[in-house]
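S.K.: Here it is, the structure in full.
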Amino acid sequence: METKIFRLVNGSGPLSLTPKYILPQEKRPNLSEITILASIPIIDLKEPSALVVEQISKACEEYGFFQIVNHGIPVELCDKMMAVITDFFELPPEEKAPFFTTDLTKQVKLFNYFVKDGSQNKVSMWSECFSHPWHPLDDIIHLLPQNPPQYREVVAEYAKEIGVLMKRLLSLISQGLGLEKGCLVKKLGEKPILRAQGNYYPPCPDPELTLGLNVHTDLNALTIVRQSEGVTGLQVIREGKWVAVESIPNAFVINLGDQIQVLSNGRYKSVHHRAVTNKTQKRVSVATFYAPSRDAIIGPIEDLIDEQHPAVYRKYHYSEFLDEFYKQEGTRRLVKEIFELKY
């Protein structure tokens, strides 16, 4: 099989580790210090419901991340989704170029993340990202790639399955907080922002010098990630140390976003994570996000506030959170902290 040479859409040739990708010393990943003895919990959704709720609640409190197996989405469909997004990234740059933008508010966009160094210069991440809505698709399906030819069809099929799984997980997370099954979905509003993002991390000559994705928390409510099998790269903070998330066959990685930390009054955690690179293998991931409606009012759910647990955050419209998020572009964003109440 012919090996494809990955080329960035905004690059001038094959990807190479030029100074624009090299992080300042203090931002480098220090891969030798990564913990591999422990990882995030793995939860079997075929177990009895009460046990699943208990396991998810514990994972949300202690990790903010977990993996799920026996989730009900056919492996064949997941493989097709991973194949079409990989094929898209490996197109020649001129075919991807119409999707490239530096305007991150666009509905359909191919882009590169960056961080700012101490001199406010931009250091690019060792990755390329492609983002668009996963629901509703009718209004934007014509904006999605026609090459690979199956892209639109596969995304539509995958989105239907993800929609069912997303609602199921939000229900289980609600129950773990002692709330009604539909509580979180209701709190997040009638027109949630539902986006998908593919991430492509090419092999890197020196993974110690750069990152695939900078340290961050997710600004949304809930994220479902499908990642390349057999290639690790995602890492999460656990008790102050970076922990590698192992790649498990036919599993999804689930992580809580900032909005669930706020809604749960800090009981459930949205934790910092990052993606690192490796020398020999590309890594691909597909993340699907569930975020509140722009006009949703987010704040600690009243049933979770009492004398022992006073409100940690003030209420805000999600649009206000988004505005602050975009202001902090290129930094290790600390957005939810702005909405903390000071006693």
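Residue numbers start at 1 in each chain; chains themselves are named A, B, ... in the order of the structure tokens; ligands are numbered from 1 in the order shown.
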Need to verify the contact set: Thr86 of chain A, 10 Å, only C-alpha atoms, exclusion of same-chain residues closer than 6 positions in sequence. Can you return it as a ChimeraX atom specification?

M.R.: /A:80,148,198-200,282-286

S.K.: Output N, CA and C atoms for every residue in the selection just made, as a compact mmCIF listing (two decimals), in the first residue's frame.

M.R.:
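Produced file out_28.txt, reproduced below:
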```txt
# COMPACT_ATOMS: atom_id res chain seq x y z
N LYS A 80 -15.73 3.55 9.47
CA LYS A 80 -15.98 4.36 8.27
C LYS A 80 -15.77 5.84 8.57
N PRO A 148 -13.50 13.07 0.48
CA PRO A 148 -13.91 11.76 -0.02
C PRO A 148 -15.40 11.70 -0.36
N GLY A 198 -12.54 16.79 13.64
CA GLY A 198 -11.51 15.82 13.37
C GLY A 198 -10.15 16.43 13.64
N ASN A 199 -9.24 15.64 14.21
CA ASN A 199 -7.88 16.10 14.51
C ASN A 199 -6.89 15.12 13.90
N TYR A 200 -5.91 15.64 13.17
CA TYR A 200 -4.91 14.80 12.52
C TYR A 200 -3.53 15.19 13.06
N LYS A 282 0.99 8.23 12.69
CA LYS A 282 -0.02 9.29 12.72
C LYS A 282 -1.10 8.89 13.74
N ARG A 283 -1.80 9.87 14.23
CA ARG A 283 -2.93 9.61 15.12
C ARG A 283 -4.08 10.49 14.66
N VAL A 284 -5.27 9.93 14.66
CA VAL A 284 -6.47 10.66 14.23
C VAL A 284 -7.52 10.52 15.32
N SER A 285 -8.26 11.59 15.56
CA SER A 285 -9.39 11.49 16.49
C SER A 285 -10.57 12.26 15.91
N VAL A 286 -11.77 11.84 16.30
CA VAL A 286 -13.00 12.55 15.95
C VAL A 286 -13.72 12.85 17.26
```

S.K.: From a backbone DSSP assignment, name each residue in segment 22-199 of chain A labelled strand (DSSP E), as a ChimeraX atom specification.

M.R.: /A:42-44,65-69,109-111,114-116,122-124,128-135,193-199

S.K.: Excluding Val115 of chain A and residues on its chain fewer than 3 positions from it, collect all residues at most 10 Å away from it, counting only C-alpha atoms, and give them as a count of residues only.

M.R.: 17

S.K.: Please indicate the distance in Å from atom CA of Ile298 of chain A to atom CA of His272 of chain A, rounded to one decimal place.

M.R.: 20.7 Å

S.K.: Excluding Arg195 of chain A and its own-chain neighbours fewer than 2 positions away, which residues fall within 6 Å of it when counting only C-alpha atoms? Please give them as a ChimeraX atom specification.

M.R.: /A:132-134,288-289

S.K.: Considering only helix (DSSP H, G or I) as DSSP defines it on the backbone, what residues of segment 231-262 of chain A qualify? List them as a list of chain:residue names.

M.R.: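 Everything in segment 231-262 of chain A that counts as helix (DSSP H, G or I) is A:Asp258, A:Gln259, A:Ile260, A:Gln261, A:Val262.
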
S.K.: Could you write those residues out with C-alpha atoms, as a PDB file, in the first residue's frame?

M.R.:
```pdb
ATOM      1  CA  ASP A 258     -16.772  23.314  31.766  1.00  0.00           C
ATOM      2  CA  GLN A 259     -20.560  23.665  31.667  1.00  0.00           C
ATOM      3  CA  ILE A 260     -21.164  20.403  33.534  1.00  0.00           C
ATOM      4  CA  GLN A 261     -18.615  21.418  36.164  1.00  0.00           C
ATOM      5  CA  VAL A 262     -20.582  24.650  36.659  1.00  0.00           C
TER       6      VAL A 262
END
```

S.K.: Applying 9 Å and only C-alpha atoms, which residues near Pro41 of chain A remain after dropping the ones on its own chain fewer than 2 positions away? List them as a ChimeraX atom specification.

M.R.: /A:39,43,55-56,59,63,65-68

S.K.: Using only C-alpha atoms, find the one residue out of A:Leu219, A:Val108, A:Met82, A:Leu172 that sits nearest to Leu143 of chain A.

M.R.: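 Closest to Leu143 of chain A, using only C-alpha atoms: A:Val108.
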
S.K.: Would you please work out which residue, of A:Ala221, A:Leu51, A:Leu304, A:Val271, is nearest to Leu177 of chain A when using only C-alpha atoms?

M.R.: A:Leu304

S.K.: May I have a table of the residues of segment 237-259 of chain A lying at most 10 Å from segment 224-230 of chain A, giving each one's closest pair of atoms and their distance in Å to one decimal, counting only C-alpha atoms, ordered by chain and ascending residue number, as a Markdown table?

M.R.:
```
| residue | atom | partner | partner_atom | distance |
| --- | --- | --- | --- | --- |
| A:Glu246 | CA | A:Gly230 | CA | 8.2 |
| A:Ser247 | CA | A:Glu229 | CA | 5.5 |
| A:Ile248 | CA | A:Glu229 | CA | 6.5 |
| A:Pro249 | CA | A:Glu229 | CA | 6.0 |
| A:Asn250 | CA | A:Glu229 | CA | 8.1 |
| A:Ala251 | CA | A:Arg226 | CA | 7.2 |
| A:Phe252 | CA | A:Arg226 | CA | 5.2 |
| A:Val253 | CA | A:Val225 | CA | 5.0 |
| A:Ile254 | CA | A:Ile224 | CA | 4.8 |
| A:Asn255 | CA | A:Ile224 | CA | 6.8 |
| A:Leu256 | CA | A:Ile224 | CA | 9.1 |
```

S.K.: Do you know which residues are at most 12 Å from Thr210 of chain A counting only C-alpha atoms, after dropping those on the same chain fewer than 4 positions away, and could you put them as a short mmCIF file (atom, residue, chain, number, x, y, z; two decimals) with all heavy atoms, in the first residue's frame?

M.R.:
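That gives us part-v7.cif:
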```
data_model
loop_
_atom_site.label_atom_id
_atom_site.label_comp_id
_atom_site.auth_asym_id
_atom_site.auth_seq_id
_atom_site.Cartn_x
_atom_site.Cartn_y
_atom_site.Cartn_z
N SER A 16 7.68 19.77 8.40
CA SER A 16 8.96 19.60 9.08
C SER A 16 8.96 20.44 10.35
O SER A 16 8.23 21.42 10.47
CB SER A 16 10.13 20.00 8.17
OG SER A 16 10.02 21.36 7.80
N LEU A 17 9.80 20.02 11.30
CA LEU A 17 9.78 20.65 12.64
C LEU A 17 10.60 21.94 12.62
O LEU A 17 11.71 22.02 13.12
CB LEU A 17 10.33 19.66 13.68
CG LEU A 17 10.14 20.04 15.15
CD1 LEU A 17 8.68 20.28 15.48
CD2 LEU A 17 10.72 18.97 16.05
N THR A 18 9.99 22.96 12.04
CA THR A 18 10.62 24.27 11.99
C THR A 18 10.36 25.02 13.30
O THR A 18 9.53 24.59 14.11
CB THR A 18 10.04 25.09 10.81
OG1 THR A 18 8.62 25.16 10.98
CG2 THR A 18 10.34 24.41 9.47
N PRO A 19 11.07 26.14 13.53
CA PRO A 19 10.89 26.88 14.79
C PRO A 19 9.44 27.26 15.09
O PRO A 19 9.08 27.43 16.27
CB PRO A 19 11.76 28.12 14.59
CG PRO A 19 12.85 27.65 13.69
CD PRO A 19 12.19 26.69 12.74
N LYS A 20 8.59 27.40 14.07
CA LYS A 20 7.20 27.81 14.32
C LYS A 20 6.43 26.77 15.14
O LYS A 20 5.36 27.06 15.67
CB LYS A 20 6.46 28.11 13.02
CG LYS A 20 6.17 26.91 12.15
CD LYS A 20 5.35 27.27 10.91
CE LYS A 20 3.90 27.39 11.21
NZ LYS A 20 3.06 27.49 10.01
N TYR A 21 6.96 25.52 15.24
CA TYR A 21 6.30 24.46 16.00
C TYR A 21 6.97 24.19 17.34
O TYR A 21 6.47 23.38 18.12
CB TYR A 21 6.28 23.16 15.20
CG TYR A 21 5.49 23.23 13.93
CD1 TYR A 21 6.11 23.36 12.69
CD2 TYR A 21 4.09 23.19 13.95
CE1 TYR A 21 5.39 23.44 11.52
CE2 TYR A 21 3.36 23.27 12.78
CZ TYR A 21 4.00 23.40 11.57
OH TYR A 21 3.28 23.48 10.41
N ILE A 22 8.10 24.82 17.62
CA ILE A 22 8.87 24.47 18.81
C ILE A 22 8.44 25.34 19.99
O ILE A 22 8.52 26.57 19.95
CB ILE A 22 10.38 24.61 18.54
CG1 ILE A 22 10.79 23.60 17.45
CG2 ILE A 22 11.18 24.38 19.81
CD1 ILE A 22 12.24 23.70 17.02
N LEU A 23 7.98 24.67 21.03
CA LEU A 23 7.44 25.36 22.20
C LEU A 23 8.56 25.87 23.10
O LEU A 23 9.65 25.29 23.16
CB LEU A 23 6.57 24.39 23.01
CG LEU A 23 5.24 23.99 22.38
CD1 LEU A 23 4.68 22.76 23.09
CD2 LEU A 23 4.25 25.14 22.44
N PRO A 24 8.28 26.95 23.84
CA PRO A 24 9.23 27.38 24.88
C PRO A 24 9.43 26.23 25.88
O PRO A 24 8.53 25.40 26.08
CB PRO A 24 8.52 28.56 25.54
CG PRO A 24 7.44 28.98 24.62
CD PRO A 24 7.06 27.79 23.81
N GLN A 25 10.57 26.21 26.52
CA GLN A 25 10.94 25.11 27.42
C GLN A 25 9.83 24.78 28.42
O GLN A 25 9.51 23.61 28.65
CB GLN A 25 12.23 25.49 28.17
CG GLN A 25 12.86 24.34 28.95
CD GLN A 25 13.54 23.31 28.06
OE1 GLN A 25 14.22 23.68 27.12
NE2 GLN A 25 13.34 22.04 28.36
N GLU A 26 9.23 25.81 29.02
CA GLU A 26 8.26 25.57 30.09
C GLU A 26 6.94 24.99 29.58
O GLU A 26 6.11 24.51 30.37
CB GLU A 26 7.99 26.87 30.87
CG GLU A 26 7.23 27.95 30.13
CD GLU A 26 8.10 28.82 29.22
OE1 GLU A 26 9.30 28.50 29.06
OE2 GLU A 26 7.56 29.80 28.67
N LYS A 27 6.70 25.04 28.26
CA LYS A 27 5.45 24.52 27.71
C LYS A 27 5.62 23.14 27.05
O LYS A 27 4.67 22.58 26.53
CB LYS A 27 4.86 25.50 26.69
CG LYS A 27 4.37 26.80 27.29
CD LYS A 27 3.78 27.71 26.22
CE LYS A 27 3.33 29.05 26.78
NZ LYS A 27 2.13 28.98 27.60
N ARG A 28 6.83 22.61 27.08
CA ARG A 28 7.09 21.32 26.42
C ARG A 28 6.54 20.16 27.26
O ARG A 28 6.38 20.28 28.47
CB ARG A 28 8.60 21.15 26.17
CG ARG A 28 9.10 22.16 25.14
CD ARG A 28 10.60 22.03 24.89
NE ARG A 28 11.06 23.15 24.06
CZ ARG A 28 12.32 23.40 23.78
NH1 ARG A 28 13.28 22.59 24.26
NH2 ARG A 28 12.66 24.44 23.02
N PRO A 29 6.25 19.01 26.60
CA PRO A 29 5.47 17.96 27.27
C PRO A 29 6.22 17.10 28.29
O PRO A 29 5.57 16.42 29.08
CB PRO A 29 4.99 17.09 26.10
CG PRO A 29 5.93 17.35 24.98
CD PRO A 29 6.37 18.77 25.15
N ASN A 30 7.57 17.08 28.31
CA ASN A 30 8.31 16.25 29.27
C ASN A 30 7.77 14.82 29.30
O ASN A 30 7.30 14.31 30.33
CB ASN A 30 8.25 16.86 30.69
CG ASN A 30 8.92 18.21 30.75
OD1 ASN A 30 10.00 18.40 30.20
ND2 ASN A 30 8.28 19.17 31.42
N LEU A 31 7.85 14.16 28.16
CA LEU A 31 7.20 12.85 27.99
C LEU A 31 7.77 11.77 28.91
O LEU A 31 7.08 10.80 29.23
CB LEU A 31 7.31 12.41 26.53
CG LEU A 31 6.60 13.34 25.53
CD1 LEU A 31 6.84 12.88 24.10
CD2 LEU A 31 5.11 13.40 25.82
N PHE A 114 -2.86 27.29 17.88
CA PHE A 114 -1.55 27.84 18.24
C PHE A 114 -1.57 28.23 19.71
O PHE A 114 -2.63 28.34 20.34
CB PHE A 114 -1.22 29.07 17.38
CG PHE A 114 -2.15 30.24 17.60
CD1 PHE A 114 -1.90 31.18 18.60
CD2 PHE A 114 -3.30 30.42 16.82
CE1 PHE A 114 -2.76 32.24 18.83
CE2 PHE A 114 -4.16 31.48 17.04
CZ PHE A 114 -3.89 32.40 18.04
N VAL A 115 -0.38 28.43 20.26
CA VAL A 115 -0.25 29.04 21.59
C VAL A 115 0.67 30.24 21.46
O VAL A 115 1.44 30.33 20.50
CB VAL A 115 0.32 28.06 22.64
CG1 VAL A 115 -0.62 26.91 22.87
CG2 VAL A 115 1.69 27.55 22.24
N VAL A 123 3.02 29.99 18.34
CA VAL A 123 3.67 28.70 18.10
C VAL A 123 2.58 27.72 17.69
O VAL A 123 1.64 27.47 18.44
CB VAL A 123 4.39 28.19 19.37
CG1 VAL A 123 5.05 26.84 19.09
CG2 VAL A 123 5.42 29.21 19.85
N SER A 124 2.69 27.18 16.48
CA SER A 124 1.65 26.31 15.95
C SER A 124 1.70 24.92 16.59
O SER A 124 2.77 24.42 16.93
CB SER A 124 1.82 26.15 14.42
OG SER A 124 1.58 27.37 13.77
N MET A 125 0.54 24.32 16.73
CA MET A 125 0.45 22.95 17.18
C MET A 125 0.77 21.99 16.02
O MET A 125 0.53 22.31 14.86
CB MET A 125 -0.94 22.65 17.73
CG MET A 125 -1.33 23.49 18.94
SD MET A 125 -0.40 23.08 20.45
CE MET A 125 0.96 24.24 20.37
N TRP A 126 1.27 20.82 16.36
CA TRP A 126 1.64 19.81 15.35
C TRP A 126 0.39 19.00 14.98
O TRP A 126 0.24 17.84 15.32
CB TRP A 126 2.74 18.90 15.92
CG TRP A 126 3.38 17.99 14.92
CD1 TRP A 126 3.06 16.70 14.66
CD2 TRP A 126 4.48 18.31 14.04
NE1 TRP A 126 3.87 16.19 13.68
CE2 TRP A 126 4.76 17.15 13.29
CE3 TRP A 126 5.23 19.46 13.83
CZ2 TRP A 126 5.77 17.10 12.33
CZ3 TRP A 126 6.24 19.41 12.88
CH2 TRP A 126 6.49 18.25 12.14
N SER A 127 -0.53 19.66 14.28
CA SER A 127 -1.81 19.02 13.95
C SER A 127 -2.56 19.88 12.95
O SER A 127 -2.22 21.04 12.71
CB SER A 127 -2.67 18.85 15.21
OG SER A 127 -2.93 20.10 15.83
N TYR A 201 -2.85 14.19 13.66
CA TYR A 201 -1.54 14.40 14.24
C TYR A 201 -0.52 13.56 13.47
O TYR A 201 -0.44 12.35 13.66
CB TYR A 201 -1.53 13.98 15.72
CG TYR A 201 -2.63 14.59 16.55
CD1 TYR A 201 -3.82 13.88 16.81
CD2 TYR A 201 -2.52 15.87 17.08
CE1 TYR A 201 -4.83 14.43 17.57
CE2 TYR A 201 -3.53 16.43 17.85
CZ TYR A 201 -4.69 15.70 18.08
OH TYR A 201 -5.70 16.25 18.84
N PRO A 203 3.16 11.96 12.29
CA PRO A 203 4.38 11.62 13.05
C PRO A 203 5.28 12.86 13.17
O PRO A 203 5.32 13.70 12.27
CB PRO A 203 5.06 10.54 12.18
CG PRO A 203 3.96 9.99 11.34
CD PRO A 203 3.00 11.11 11.10
N CYS A 204 5.98 12.96 14.30
CA CYS A 204 6.79 14.15 14.58
C CYS A 204 8.24 13.73 14.84
O CYS A 204 8.49 12.81 15.62
CB CYS A 204 6.23 14.88 15.80
SG CYS A 204 7.18 16.34 16.30
N PRO A 205 9.21 14.41 14.21
CA PRO A 205 10.62 14.03 14.40
C PRO A 205 11.09 14.09 15.85
O PRO A 205 11.91 13.29 16.27
CB PRO A 205 11.37 15.06 13.55
CG PRO A 205 10.39 15.58 12.57
CD PRO A 205 9.05 15.51 13.24
N ASP A 206 10.56 15.04 16.62
CA ASP A 206 10.96 15.16 18.03
C ASP A 206 9.76 15.56 18.88
O ASP A 206 9.50 16.75 19.11
CB ASP A 206 12.09 16.19 18.18
CG ASP A 206 12.73 16.12 19.57
OD1 ASP A 206 12.12 15.52 20.48
OD2 ASP A 206 13.84 16.65 19.73
N ASN A 214 -2.73 21.85 22.58
CA ASN A 214 -2.27 22.49 23.81
C ASN A 214 -3.13 22.08 25.01
O ASN A 214 -4.26 21.60 24.87
CB ASN A 214 -2.31 24.02 23.64
CG ASN A 214 -1.59 24.73 24.76
OD1 ASN A 214 -0.60 24.25 25.28
ND2 ASN A 214 -2.10 25.90 25.14
N VAL A 215 -2.59 22.31 26.19
CA VAL A 215 -3.32 22.05 27.43
C VAL A 215 -4.59 22.89 27.46
O VAL A 215 -4.56 24.10 27.24
CB VAL A 215 -2.43 22.41 28.64
CG1 VAL A 215 -3.18 22.15 29.95
CG2 VAL A 215 -1.11 21.64 28.59
N ARG A 274 -4.46 17.28 27.02
CA ARG A 274 -3.65 17.70 25.88
C ARG A 274 -3.44 16.49 24.97
O ARG A 274 -3.76 15.35 25.34
CB ARG A 274 -2.29 18.23 26.35
CG ARG A 274 -1.40 17.15 26.98
CD ARG A 274 -0.11 17.71 27.54
NE ARG A 274 0.76 16.64 28.05
CZ ARG A 274 1.94 16.83 28.63
NH1 ARG A 274 2.39 18.06 28.81
NH2 ARG A 274 2.67 15.81 29.05
N ALA A 275 -2.92 16.75 23.77
CA ALA A 275 -2.54 15.67 22.86
C ALA A 275 -1.06 15.81 22.55
O ALA A 275 -0.59 16.90 22.20
CB ALA A 275 -3.35 15.73 21.57
N VAL A 276 -0.32 14.71 22.72
CA VAL A 276 1.10 14.70 22.38
C VAL A 276 1.29 13.93 21.07
O VAL A 276 0.38 13.26 20.58
CB VAL A 276 1.96 14.08 23.50
CG1 VAL A 276 1.80 14.88 24.79
CG2 VAL A 276 1.60 12.61 23.73
N THR A 277 2.49 14.02 20.51
CA THR A 277 2.78 13.38 19.23
C THR A 277 3.71 12.18 19.44
O THR A 277 4.16 11.93 20.55
CB THR A 277 3.44 14.39 18.28
OG1 THR A 277 4.67 14.83 18.85
CG2 THR A 277 2.54 15.60 18.06
N ASN A 278 3.98 11.46 18.37
CA ASN A 278 4.97 10.39 18.45
C ASN A 278 5.77 10.34 17.14
O ASN A 278 5.37 10.94 16.14
CB ASN A 278 4.32 9.05 18.77
CG ASN A 278 3.56 8.48 17.60
OD1 ASN A 278 4.15 7.85 16.70
ND2 ASN A 278 2.25 8.70 17.58
N LYS A 279 6.89 9.63 17.17
CA LYS A 279 7.83 9.68 16.04
C LYS A 279 7.38 8.87 14.83
O LYS A 279 7.76 9.19 13.70
CB LYS A 279 9.20 9.17 16.49
CG LYS A 279 10.04 10.18 17.24
CD LYS A 279 11.44 9.63 17.46
CE LYS A 279 12.31 10.69 18.15
NZ LYS A 279 13.69 10.20 18.37
#
```

S.K.: Pick out the closest residue to Ile173 of chain A from this set: A:Pro98, A:Gly299, A:Gly64, A:Pro92. Count only C-alpha atoms.

M.R.: A:Gly64

S.K.: Name the residues in contact with segment 99-106 of chain A at a cut-off of 9 Å, using only C-alpha atoms, excluding same-chain residues fewer than 3 positions from it; report them as number ranges by chain.

M.R.: A: 9-10, 95-96, 109-112, 130, 132, 144-145, 326

S.K.: Kindly save the residues from that selection, with N, CA, C and O atoms included, as a CSV table (one decimal), in the first residue's frame.

M.R.:
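This went into part-v8.csv:
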```
chain,number,residue,atom,x,y,z
A,9,VAL,N,-2.5,22.3,4.8
A,9,VAL,CA,-3.1,23.1,3.8
A,9,VAL,C,-2.4,24.4,3.7
A,9,VAL,O,-2.3,25.0,2.6
A,10,ASN,N,-1.8,25.0,4.8
A,10,ASN,CA,-1.2,26.3,4.7
A,10,ASN,C,0.3,26.1,4.8
A,10,ASN,O,1.0,27.1,5.1
A,95,GLU,N,-6.8,20.7,-2.5
A,95,GLU,CA,-8.2,20.3,-2.4
A,95,GLU,C,-8.8,20.6,-1.0
A,95,GLU,O,-10.0,20.8,-0.9
A,96,LYS,N,-7.9,20.8,0.0
A,96,LYS,CA,-8.4,21.2,1.3
A,96,LYS,C,-8.5,22.7,1.4
A,96,LYS,O,-9.2,23.2,2.3
A,109,LYS,N,-14.8,24.7,9.0
A,109,LYS,CA,-13.5,25.3,9.0
A,109,LYS,C,-12.4,24.2,9.1
A,109,LYS,O,-12.5,23.3,9.9
A,110,LEU,N,-11.3,24.4,8.4
A,110,LEU,CA,-10.1,23.7,8.5
A,110,LEU,C,-9.1,24.7,9.1
A,110,LEU,O,-9.0,25.8,8.6
A,111,PHE,N,-8.4,24.3,10.2
A,111,PHE,CA,-7.6,25.3,10.9
A,111,PHE,C,-6.5,24.6,11.7
A,111,PHE,O,-6.4,23.4,11.8
A,112,ASN,N,-5.6,25.5,12.2
A,112,ASN,CA,-4.5,25.0,13.1
A,112,ASN,C,-4.6,25.8,14.4
A,112,ASN,O,-4.8,27.0,14.4
A,130,PHE,N,-10.4,19.9,11.6
A,130,PHE,CA,-11.5,20.2,10.7
A,130,PHE,C,-12.8,20.1,11.5
A,130,PHE,O,-13.1,19.1,12.1
A,132,HIS,N,-17.1,21.2,12.0
A,132,HIS,CA,-18.4,21.5,11.5
A,132,HIS,C,-19.5,21.0,12.3
A,132,HIS,O,-19.3,20.1,13.2
A,144,LEU,N,-20.2,20.7,3.3
A,144,LEU,CA,-19.2,19.6,3.7
A,144,LEU,C,-18.4,19.1,2.4
A,144,LEU,O,-18.9,19.3,1.3
A,145,PRO,N,-17.3,18.5,2.7
A,145,PRO,CA,-16.5,18.0,1.5
A,145,PRO,C,-17.3,17.0,0.6
A,145,PRO,O,-18.0,16.2,1.1
A,326,TYR,N,-13.2,33.2,23.4
A,326,TYR,CA,-12.5,33.6,22.2
A,326,TYR,C,-11.5,34.8,22.5
A,326,TYR,O,-10.5,34.9,21.9
```
